[in-house]
Amino acid sequence: MTDKLIPLKIAGVGYSLPETVITNDDLTKLYDTSDEWIYTRTGIKERRVVSGEENAIDLGFDAAKKAIEKSGIAADEIDLILAASSAPPDLYPAIACHIQARLGISKAIPAFDITAACSGLIYGLSIAKAYIASGMYKNILIVATDNNSRLVDWTDRGTSILFGDGAGAVVVTQAEDGIDDIIAIDIKADGNYGHLIELAFDGKNCPLVEQYQEKPKGIRMNGRGVYTFVAKILPHYVEELITNAGMKAEDIDYLIPHQANIRIIQAVQERLGYPDEKVVTNIKYYGNTSAASIPIALAESVEKGKIKLGTTAVLCGFGAGMTWGGAIVRLREGIC
Ligand code: UT7
């Protein structure tokens, strides 16, 4: 530990998507819906889903390998693994522990999961920033991976249309040049709105006692309620994050938002007064990949040359909890 706060460098990012594509037209085989209904309300045309044995650990491991490779840090130099997921195949071992094993890290390091739904990447960055600033850990791997297709109720057309599977990963380390890549970060939750998106995890009481009413299986969402809640708070919240950092919206090069609904993204975009070129969206192709959506959007847009490096971006996300958060970050050359 040290008295001086250590700055953080974003060293590498990576992402992974399953190969199978399910289009809006494909969904018409499951229930009464249409491409027109889904696209106009959400901006989604298709999403990726796992098939067979593939799961959130596989996707997260793939994204982690890519981020580690870009970072130039060896897997066995990682001091801490954080995994953000709402769709772990097992409640334990944690996804972070699975990934430690898959990476072949045999030394004992801390590894744990974060449950903050779609805000998971921002929560992970916030935790990593505190650990790095304190000098407690030097190299941290954050994996955000979700496998919503295994958790949605595929008879619920109001919810299952939205989600897709995918993973993103970020490696952060101490910045030796003294420049902190996290210019500002903030995370929030308001459990009073927890009922808006729920996913029950329960079993049965001891057979010798009275049983309880089991909750329905699958993701249950009050879509209208979530929309209203988020549209009310998020644009103002992101604007305030920027102002509190002593910056103006025009000082920031890109908006990389959680990909949940194109109309929510546009509400933030309008508030910041950004043209389309400054806003990263891929919801059309991947739907809502929960915690993975921000790092996928970041890594893919860099890889495909849609955004330049040596720039700054504001990230923002929200999800079940309700949770939300935002970060203003520097994107250095070489991260992807
Ligand atoms: O990270 C997770 C965050 N979650 C979100 O960001 C969700 C935010 N909310 C939304 O994106 C929108 O609320 C939805 C896209 C989920 C739903 O749009 P909506 O305009 O709020 O629709 P609604 O739920 O109020 O339903 C309107 C109508 C209903 O029919 P009636 O009762 O008016 O006859 C629904 O039954 O649309 C019907 N409907 C559908 N029709 C065709 C609901 N889902 C579908 C569908 N296809 N897939």
# chains A, B, ... in the order shown; residues from 1 in each chain; ligands from 1
>>> select_by_dssp(residues="segment 102-308 of chain A", states="alpha helix (DSSP H)", output="PyMOL selection string")
chain A and resi 102+120-134+223-244+262-272+283-286+293-303
>>> residues_near_ligand(ligand="ligand 1", cutoff="6 Å", atoms="only C-alpha atoms and all ligand atoms", output="compact mmCIF listing (two decimals) with N, CA, C and O atoms, in the first residue's frame")
# COMPACT_ATOMS: atom_id res chain seq x y z
N THR A 33 -45.09 -11.80 -33.66
CA THR A 33 -44.32 -10.56 -33.64
C THR A 33 -43.90 -10.25 -35.06
O THR A 33 -44.27 -10.98 -36.00
N SER A 34 -43.15 -9.17 -35.26
CA SER A 34 -42.69 -8.85 -36.61
C SER A 34 -41.38 -8.07 -36.53
O SER A 34 -41.09 -7.42 -35.50
N TRP A 37 -42.16 -4.41 -35.85
CA TRP A 37 -42.49 -4.07 -34.45
C TRP A 37 -41.21 -3.98 -33.62
O TRP A 37 -40.98 -3.01 -32.89
N ILE A 38 -40.37 -5.00 -33.76
CA ILE A 38 -39.16 -5.04 -32.92
C ILE A 38 -38.19 -3.92 -33.30
O ILE A 38 -37.68 -3.20 -32.43
N ARG A 41 -39.24 -0.28 -32.29
CA ARG A 41 -39.26 0.01 -30.85
C ARG A 41 -37.91 -0.12 -30.16
O ARG A 41 -37.70 0.42 -29.08
N THR A 42 -37.01 -0.91 -30.78
CA THR A 42 -35.75 -1.21 -30.06
C THR A 42 -34.49 -0.91 -30.86
O THR A 42 -33.41 -0.78 -30.27
N CYS A 118 -26.60 -5.17 -16.20
CA CYS A 118 -26.00 -4.51 -17.38
C CYS A 118 -25.01 -3.41 -17.00
O CYS A 118 -24.29 -2.91 -17.86
N ARG A 157 -42.80 -12.57 -25.46
CA ARG A 157 -42.35 -11.77 -26.62
C ARG A 157 -41.96 -10.35 -26.22
O ARG A 157 -41.27 -9.66 -26.97
N GLY A 158 -42.42 -9.90 -25.06
CA GLY A 158 -42.07 -8.54 -24.64
C GLY A 158 -40.64 -8.43 -24.14
O GLY A 158 -40.07 -7.34 -24.09
N THR A 159 -40.05 -9.56 -23.73
CA THR A 159 -38.71 -9.53 -23.13
C THR A 159 -37.67 -10.25 -23.98
O THR A 159 -36.56 -9.75 -24.19
N ILE A 161 -37.26 -10.74 -27.08
CA ILE A 161 -36.80 -10.08 -28.30
C ILE A 161 -35.55 -9.24 -28.08
O ILE A 161 -34.80 -8.96 -29.01
N GLY A 223 -41.05 -3.80 -19.14
CA GLY A 223 -40.33 -3.05 -20.17
C GLY A 223 -40.66 -1.57 -20.15
O GLY A 223 -39.76 -0.72 -20.18
N ARG A 224 -41.94 -1.26 -20.06
CA ARG A 224 -42.36 0.14 -20.04
C ARG A 224 -41.80 0.85 -18.81
O ARG A 224 -41.33 1.98 -18.87
N VAL A 226 -39.08 0.04 -17.06
CA VAL A 226 -37.63 0.23 -17.19
C VAL A 226 -37.36 1.42 -18.10
O VAL A 226 -36.55 2.30 -17.79
N TYR A 227 -38.09 1.45 -19.21
CA TYR A 227 -37.89 2.53 -20.18
C TYR A 227 -38.11 3.90 -19.52
O TYR A 227 -37.29 4.81 -19.64
N ALA A 260 -29.24 -1.19 -24.99
CA ALA A 260 -30.49 -1.81 -24.52
C ALA A 260 -31.66 -1.44 -25.41
O ALA A 260 -32.54 -2.27 -25.65
N ASN A 261 -31.69 -0.20 -25.86
CA ASN A 261 -32.79 0.27 -26.69
C ASN A 261 -32.31 1.52 -27.41
O ASN A 261 -31.80 2.44 -26.78
N SER A 290 -26.36 -7.38 -22.12
CA SER A 290 -26.20 -7.07 -20.68
C SER A 290 -24.81 -6.49 -20.37
O SER A 290 -24.37 -5.60 -21.07
N GLY A 319 -29.15 -1.20 -15.53
CA GLY A 319 -29.71 -2.54 -15.59
C GLY A 319 -30.43 -2.90 -14.30
O GLY A 319 -30.70 -2.04 -13.45
>>> atom_distance(atom1="atom CA of Cys316 of chain A", atom2="atom CA of Asp190 of chain A")
16.2 Å
>>> closest_residue(among="A:Val238, A:Val329, A:Val50, A:Ile187", to="Thr20 of chain A", atoms="only C-alpha atoms")
A:Val50
>>> residues_around(residues="Gly166 of chain A", least_positions_apart="4", cutoff="7 Å", atoms="only C-alpha atoms", output="ChimeraX atom specification")
/A:16-18,59,145-147,289,292
>>> residues_around(residues="Ile242 of chain A", least_positions_apart="3", cutoff="10 Å", atoms="only C-alpha atoms", output="VMD selection string")
chain A and resid 183 to 185 237 to 239 245 to 252 272 314 326 to 328
>>> write_last_selection(atoms="C-alpha atoms", output="PDB file, in the first residue's frame")
ATOM      1  CA  ILE A 183     -10.954  10.536 -15.803  1.00  0.00           C
ATOM      2  CA  ALA A 184     -14.188  10.053 -13.852  1.00  0.00           C
ATOM      3  CA  ILE A 185     -16.279   7.118 -12.698  1.00  0.00           C
ATOM      4  CA  TYR A 237     -26.938  11.605 -15.085  1.00  0.00           C
ATOM      5  CA  VAL A 238     -24.416  11.373 -17.933  1.00  0.00           C
ATOM      6  CA  GLU A 239     -24.449  15.131 -18.397  1.00  0.00           C
ATOM      7  CA  ALA A 245     -15.425  16.085 -14.015  1.00  0.00           C
ATOM      8  CA  GLY A 246     -14.953  19.749 -14.936  1.00  0.00           C
ATOM      9  CA  MET A 247     -15.576  18.962 -18.614  1.00  0.00           C
ATOM     10  CA  LYS A 248     -18.065  19.875 -21.310  1.00  0.00           C
ATOM     11  CA  ALA A 249     -19.826  17.362 -23.577  1.00  0.00           C
ATOM     12  CA  GLU A 250     -17.813  18.654 -26.543  1.00  0.00           C
ATOM     13  CA  ASP A 251     -14.552  17.815 -24.732  1.00  0.00           C
ATOM     14  CA  ILE A 252     -15.359  14.107 -25.152  1.00  0.00           C
ATOM     15  CA  LEU A 272     -25.145  15.698 -25.064  1.00  0.00           C
ATOM     16  CA  VAL A 314     -18.014   8.457 -21.986  1.00  0.00           C
ATOM     17  CA  GLY A 326     -20.857   6.000 -16.020  1.00  0.00           C
ATOM     18  CA  ALA A 327     -17.183   6.529 -16.729  1.00  0.00           C
ATOM     19  CA  ILE A 328     -15.124   8.991 -18.746  1.00  0.00           C
TER      20      ILE A 328
END
>>> residues_around(residues="Ile265 of chain A", least_positions_apart="2", cutoff="12 Å", atoms="only C-alpha atoms", output="PyMOL selection string")
chain A and resi 42-43+227+230-231+234-235+238+255-263+267-272+274+276+278-283+315-318
>>> atom_distance(atom1="atom CA of Ile307 of chain A", atom2="atom CA of Val21 of chain A")
24.9 Å
>>> residues_around(residues="segment 129-142 of chain A", least_positions_apart="5", cutoff="8 Å", atoms="only C-alpha atoms", output="list in words")
Met1, Thr2, Asp3, Lys4, Leu5, Ile6, Pro7, Leu8, Ala64, Ile68, Ile73, Glu77, Ile78, Asp79, Leu80, Ile81, Leu82, Ala83, Ala84, Leu121, Gly124, Ala169, Val170, Val171, Val172, Thr173, Gln174 and Ile182 of chain A
>>> atom_distance(atom1="atom CA of Ser71 of chain A", atom2="atom CA of Leu331 of chain A")
12.7 Å
>>> closest_residue(among="A:Ile57, A:Ile219, A:Ala167, A:Ile127", to="Glu300 of chain A", atoms="only C-alpha atoms")
A:Ala167
>>> residues_around(residues="Thr23 of chain A", least_positions_apart="6", cutoff="8 Å", atoms="only C-alpha atoms", output="VMD selection string")
chain A and resid 45 to 47
